[in-house]
$ cat query-v4.pdb   # PDB, C-alpha atoms and all ligand atoms
ATOM      1  CA  MET A 355       0.000   0.000   0.000  1.00  0.00           C
ATOM      2  CA  SER A 356       1.136   3.517  -0.743  1.00  0.00           C
ATOM      3  CA  GLU A 357       1.860   5.854   2.146  1.00  0.00           C
ATOM      4  CA  GLY A 358       1.354   8.972   0.075  1.00  0.00           C
ATOM      5  CA  ALA A 359      -0.768  11.998   0.778  1.00  0.00           C
ATOM      6  CA  VAL A 360      -4.558  11.705   0.687  1.00  0.00           C
ATOM      7  CA  CYS A 361      -6.812  14.424  -0.722  1.00  0.00           C
ATOM      8  CA  VAL A 362      -9.285  15.439   1.981  1.00  0.00           C
ATOM      9  CA  GLY A 363     -11.137  18.179   0.146  1.00  0.00           C
ATOM     10  CA  ALA A 364     -11.098  21.829  -0.789  1.00  0.00           C
ATOM     11  CA  PRO A 365      -8.446  24.267   0.438  1.00  0.00           C
ATOM     12  CA  ALA A 366      -8.900  25.348   4.065  1.00  0.00           C
ATOM     13  CA  ALA A 367     -10.260  28.768   3.091  1.00  0.00           C
ATOM     14  CA  ARG A 368     -13.343  27.054   1.673  1.00  0.00           C
ATOM     15  CA  TRP A 369     -14.136  25.060   4.814  1.00  0.00           C
ATOM     16  CA  GLY A 370     -16.799  26.334   7.179  1.00  0.00           C
ATOM     17  CA  GLU A 371     -16.597  26.322  10.958  1.00  0.00           C
ATOM     18  CA  GLY A 372     -17.277  22.822  12.238  1.00  0.00           C
ATOM     19  CA  ASP A 373     -16.952  21.138   8.853  1.00  0.00           C
ATOM     20  CA  SER A 374     -15.507  17.665   9.055  1.00  0.00           C
ATOM     21  CA  VAL A 375     -14.529  14.871   6.745  1.00  0.00           C
ATOM     22  CA  ARG A 376     -13.585  11.276   7.382  1.00  0.00           C
ATOM     23  CA  PHE A 377     -10.988   9.510   5.241  1.00  0.00           C
ATOM     24  CA  SER A 378      -8.499   6.666   5.287  1.00  0.00           C
ATOM     25  CA  ILE A 379      -4.755   6.987   5.232  1.00  0.00           C
ATOM     26  CA  THR A 380      -2.017   4.380   5.158  1.00  0.00           C
ATOM     27  CA  LEU A 381       0.448   4.519   8.041  1.00  0.00           C
ATOM     28  CA  HIS A 382       3.268   2.010   8.279  1.00  0.00           C
ATOM     29  CA  GLY A 383       1.482  -0.187   5.739  1.00  0.00           C
ATOM     30  CA  VAL A 384      -1.806  -0.197   7.629  1.00  0.00           C
ATOM     31  CA  SER A 385      -4.956   1.601   6.488  1.00  0.00           C
ATOM     32  CA  ARG A 386      -6.182   3.831   9.289  1.00  0.00           C
ATOM     33  CA  ASP A 387      -9.360   5.837   9.719  1.00  0.00           C
ATOM     34  CA  ALA A 388      -8.728   9.546  10.028  1.00  0.00           C
ATOM     35  CA  PHE A 389     -10.613  12.806  10.042  1.00  0.00           C
ATOM     36  CA  ALA A 390     -10.170  16.500   9.436  1.00  0.00           C
ATOM     37  CA  VAL A 391     -12.107  19.297  11.106  1.00  0.00           C
ATOM     38  CA  CYS A 392     -12.288  23.049  10.750  1.00  0.00           C
ATOM     39  CA  TRP A 393     -12.070  24.943  14.033  1.00  0.00           C
ATOM     40  CA  HIS A 394     -11.512  28.678  14.413  1.00  0.00           C
ATOM     41  CA  GLY A 395     -10.672  28.974  10.738  1.00  0.00           C
ATOM     42  CA  GLU A 396      -8.006  26.277  10.704  1.00  0.00           C
ATOM     43  CA  VAL A 397      -8.261  22.723   9.451  1.00  0.00           C
ATOM     44  CA  ARG A 398      -6.591  19.988  11.492  1.00  0.00           C
ATOM     45  CA  ALA A 399      -6.389  16.272  10.798  1.00  0.00           C
ATOM     46  CA  PHE A 400      -5.934  13.346  13.169  1.00  0.00           C
ATOM     47  CA  VAL A 401      -6.014   9.581  13.146  1.00  0.00           C
ATOM     48  CA  ASN A 402      -9.528   8.639  14.265  1.00  0.00           C
ATOM     49  CA  SER A 403      -8.383   6.614  17.237  1.00  0.00           C
ATOM     50  CA  CYS A 404      -9.105   7.609  20.820  1.00  0.00           C
ATOM     51  CA  ARG A 405      -6.116   7.349  23.137  1.00  0.00           C
ATOM     52  CA  HIS A 406      -8.246   5.620  25.755  1.00  0.00           C
ATOM     53  CA  GLN A 407      -9.234   2.377  24.038  1.00  0.00           C
ATOM     54  CA  SER A 408      -8.193   3.028  20.415  1.00  0.00           C
ATOM     55  CA  ARG A 409     -11.812   3.284  19.308  1.00  0.00           C
ATOM     56  CA  GLN A 410     -13.066   5.759  16.712  1.00  0.00           C
ATOM     57  CA  LEU A 411     -14.091   9.045  18.269  1.00  0.00           C
ATOM     58  CA  ASP A 412     -17.347   9.338  16.335  1.00  0.00           C
ATOM     59  CA  PHE A 413     -20.184   6.950  15.555  1.00  0.00           C
ATOM     60  CA  GLY A 414     -19.155   6.942  11.900  1.00  0.00           C
ATOM     61  CA  ASP A 415     -21.187  10.056  11.257  1.00  0.00           C
ATOM     62  CA  GLY A 416     -18.364  12.607  11.174  1.00  0.00           C
ATOM     63  CA  HIS A 417     -19.653  14.315  14.312  1.00  0.00           C
ATOM     64  CA  PHE A 418     -16.638  15.207  16.450  1.00  0.00           C
ATOM     65  CA  PHE A 419     -17.376  18.462  18.260  1.00  0.00           C
ATOM     66  CA  ASP A 420     -19.143  18.934  21.566  1.00  0.00           C
ATOM     67  CA  GLU A 421     -22.124  21.239  21.973  1.00  0.00           C
ATOM     68  CA  ALA A 422     -19.963  24.164  23.081  1.00  0.00           C
ATOM     69  CA  PHE A 423     -17.738  23.729  20.000  1.00  0.00           C
ATOM     70  CA  ASP A 424     -14.610  23.832  22.128  1.00  0.00           C
ATOM     71  CA  ALA A 425     -13.491  20.205  22.055  1.00  0.00           C
ATOM     72  CA  LEU A 426     -13.428  17.033  20.004  1.00  0.00           C
ATOM     73  CA  VAL A 427     -15.295  14.430  22.017  1.00  0.00           C
ATOM     74  CA  CYS A 428     -15.001  10.672  21.973  1.00  0.00           C
ATOM     75  CA  CYS A 429     -18.504   9.198  21.847  1.00  0.00           C
ATOM     76  CA  HIS A 430     -17.578   6.178  23.963  1.00  0.00           C
ATOM     77  CA  HIS A 431     -16.462   7.514  27.346  1.00  0.00           C
ATOM     78  CA  GLY A 432     -16.419  11.259  26.763  1.00  0.00           C
ATOM     79  CA  ALA A 433     -12.724  12.042  26.448  1.00  0.00           C
ATOM     80  CA  ARG A 434     -12.354  15.653  25.319  1.00  0.00           C
ATOM     81  CA  PHE A 435      -9.519  16.653  22.998  1.00  0.00           C
ATOM     82  CA  HIS A 436      -8.328  20.152  22.129  1.00  0.00           C
ATOM     83  CA  PRO A 437      -9.240  20.692  18.450  1.00  0.00           C
ATOM     84  CA  GLN A 438      -5.950  22.386  17.630  1.00  0.00           C
ATOM     85  CA  THR A 439      -3.429  20.221  19.428  1.00  0.00           C
ATOM     86  CA  GLY A 440      -5.292  16.931  19.837  1.00  0.00           C
ATOM     87  CA  GLU A 441      -4.396  16.822  23.540  1.00  0.00           C
ATOM     88  CA  CYS A 442      -6.892  15.121  25.789  1.00  0.00           C
ATOM     89  CA  VAL A 443      -7.857  17.835  28.250  1.00  0.00           C
ATOM     90  CA  GLU A 444     -10.473  15.846  30.151  1.00  0.00           C
ATOM     91  CA  GLY A 445     -11.368  12.196  30.448  1.00  0.00           C
ATOM     92  CA  PRO A 446      -9.767   8.793  30.916  1.00  0.00           C
ATOM     93  CA  CYS A 447      -6.742   9.533  28.698  1.00  0.00           C
ATOM     94  CA  LYS A 448      -6.058  13.068  29.949  1.00  0.00           C
ATOM     95  CA  GLY A 449      -2.663  14.298  28.783  1.00  0.00           C
ATOM     96  CA  ALA A 450      -2.436  11.927  25.810  1.00  0.00           C
ATOM     97  CA  PHE A 451      -2.542  13.227  22.249  1.00  0.00           C
ATOM     98  CA  LEU A 452      -4.433  12.169  19.164  1.00  0.00           C
ATOM     99  CA  THR A 453      -2.053  11.332  16.341  1.00  0.00           C
ATOM    100  CA  ALA A 454      -1.858  14.439  14.180  1.00  0.00           C
ATOM    101  CA  LEU A 455      -1.465  14.350  10.430  1.00  0.00           C
ATOM    102  CA  THR A 456       0.229  16.999   8.327  1.00  0.00           C
ATOM    103  CA  LEU A 457      -2.004  19.039   6.023  1.00  0.00           C
ATOM    104  CA  VAL A 458      -0.733  20.866   2.958  1.00  0.00           C
ATOM    105  CA  GLU A 459      -2.491  22.682   0.138  1.00  0.00           C
ATOM    106  CA  ARG A 460      -1.491  21.625  -3.336  1.00  0.00           C
ATOM    107  CA  ASP A 461      -3.126  21.718  -6.755  1.00  0.00           C
ATOM    108  CA  GLY A 462      -6.189  23.488  -5.393  1.00  0.00           C
ATOM    109  CA  ALA A 463      -6.925  20.911  -2.725  1.00  0.00           C
ATOM    110  CA  LEU A 464      -6.028  19.985   0.844  1.00  0.00           C
ATOM    111  CA  TRP A 465      -3.900  16.880   1.347  1.00  0.00           C
ATOM    112  CA  ALA A 466      -3.223  14.905   4.499  1.00  0.00           C
ATOM    113  CA  SER A 467       0.123  13.269   4.877  1.00  0.00           C
ATOM    114  CA  PRO A 468       1.432  10.689   7.327  1.00  0.00           C
ATOM    115  CA  SER A 469       4.804  12.440   7.400  1.00  0.00           C
ATOM    116  CA  ALA A 470       4.212  13.780  10.907  1.00  0.00           C
ATOM    117  CA  TYR A 471       3.080  10.396  12.150  1.00  0.00           C
ATOM    118  CA  SER A 472       5.364   9.094  14.844  1.00  0.00           C
ATOM    119  CA  GLY A 473       3.193   7.279  17.333  1.00  0.00           C
ATOM    120  CA  SER A 474       1.439   3.976  17.478  1.00  0.00           C
ATOM    121  CA  GLY A 475      -2.034   5.320  18.142  1.00  0.00           C
TER     122      GLY A 475
HETATM  123  S1  LIG A 501     -12.577   5.025  23.940  1.00  0.00           S
HETATM  124 FE1  LIG A 501     -12.592   7.200  23.867  1.00  0.00          FE
HETATM  125  S2  LIG A 501     -12.981   7.811  25.884  1.00  0.00           S
HETATM  126 FE2  LIG A 501     -12.931   5.668  25.984  1.00  0.00          FE
END
$ encode --input "query-v4.pdb" --output "structure tokens"
Amino acid sequence: MSEGAVCVGAPAARWGEGDSVRFSITLHGVSRDAFAVCWHGEVRAFVNSCRHQSRQLDFGDGHFFDEAFDALVCCHHGARFHPQTGECVEGPCKGAFLTALTLVERDGALWASPSAYSGSG
């Protein structure tokens, strides 16, 4: 399997607040679920794997934000992650980080890359 960049959509300037997209990316030869979200005008992408029990944060519906729109929330046990850094700020894995992906704009689109991937989560 290729470990190249994956197109996740339009350039960040065309995303709206709270927009999200789910996609798959290959990391170390393994296809992983991932997602990108727009928060405070910036798009961030993470591997969709909670640091508590390695389960997907959402129910498969691309819903990641809490009601207050200030955290990404795991639907299983409520871990709350900072949308910019991916750090768990509250919950059973407090202090752990979601695995961030690198985003770059190229050819009129936004691409996620595993180049920043260094963890096992
Ligand atoms: S699996 Fe996410 S909080 Fe438990």
$ residues_around --input "query-v4.pdb" --residues "A:Gly372" --least-positions-apart "4" --cutoff "9 Å" --atoms "only C-alpha atoms" --output "list in words"
Val391, Cys392, Trp393, His394, Phe418, Phe419 and Phe423 of chain A
$ resolve_selection --input "query-v4.pdb" --expression "the PyMOL selection byres (((chain A and resi 441) around 12) and not hetatm)" --output "VMD selection string"
chain A and resid 400 404 to 405 425 to 427 433 to 440 442 to 445 447 to 454
$ closest_residue --input "query-v4.pdb" --among "A:Asp412, A:Glu459, A:Glu421, A:Asp387" --to "A:Ala367" --atoms "all atoms listed in the file"
A:Glu459
$ atom_distance --input "query-v4.pdb" --atom1 "atom CA of A:Ser403" --atom2 "atom CA of A:Trp465"
19.4 Å
$ atom_distance --input "query-v4.pdb" --atom1 "atom CA of A:Arg398" --atom2 "atom CA of A:Leu455"
7.7 Å
$ residues_near_ligand --input "query-v4.pdb" --ligand "ligand LIG 501 (chain A)" --cutoff "7 Å" --atoms "all atoms listed in the file" --output "PyMOL selection string"
chain A and resi 404-409+411+428-433+445-446
$ resolve_selection --input "query-v4.pdb" --expression "the PyMOL selection byres (((chain A and resi 463) around 8) and not hetatm)" --output "PyMOL selection string"
chain A and resi 361-365+459-462+464-465
$ atom_distance --input "query-v4.pdb" --atom1 "atom CA of A:Glu396" --atom2 "atom CA of A:Arg368"
10.5 Å
$ resolve_selection --input "query-v4.pdb" --expression "the PyMOL selection byres (((chain A and resi 415) around 10) and not hetatm)" --output "number ranges by chain"
A: 374-376, 412-414, 416-418
$ residues_near_point --input "query-v4.pdb" --point "(-2.9, 0.2, 6.7)" --cutoff "12 Å" --atoms "only C-alpha atoms" --output "PyMOL selection string"
chain A and resi 355-358+378-388+401+468
$ write_last_selection --input "query-v4.pdb" --atoms "C-alpha atoms" --output "PDB file, keeping the file's coordinate frame"
ATOM      1  CA  MET A 355       0.000   0.000   0.000  1.00  0.00           C
ATOM      2  CA  SER A 356       1.136   3.517  -0.743  1.00  0.00           C
ATOM      3  CA  GLU A 357       1.860   5.854   2.146  1.00  0.00           C
ATOM      4  CA  GLY A 358       1.354   8.972   0.075  1.00  0.00           C
ATOM      5  CA  SER A 378      -8.499   6.666   5.287  1.00  0.00           C
ATOM      6  CA  ILE A 379      -4.755   6.987   5.232  1.00  0.00           C
ATOM      7  CA  THR A 380      -2.017   4.380   5.158  1.00  0.00           C
ATOM      8  CA  LEU A 381       0.448   4.519   8.041  1.00  0.00           C
ATOM      9  CA  HIS A 382       3.268   2.010   8.279  1.00  0.00           C
ATOM     10  CA  GLY A 383       1.482  -0.187   5.739  1.00  0.00           C
ATOM     11  CA  VAL A 384      -1.806  -0.197   7.629  1.00  0.00           C
ATOM     12  CA  SER A 385      -4.956   1.601   6.488  1.00  0.00           C
ATOM     13  CA  ARG A 386      -6.182   3.831   9.289  1.00  0.00           C
ATOM     14  CA  ASP A 387      -9.360   5.837   9.719  1.00  0.00           C
ATOM     15  CA  ALA A 388      -8.728   9.546  10.028  1.00  0.00           C
ATOM     16  CA  VAL A 401      -6.014   9.581  13.146  1.00  0.00           C
ATOM     17  CA  PRO A 468       1.432  10.689   7.327  1.00  0.00           C
TER      18      PRO A 468
END
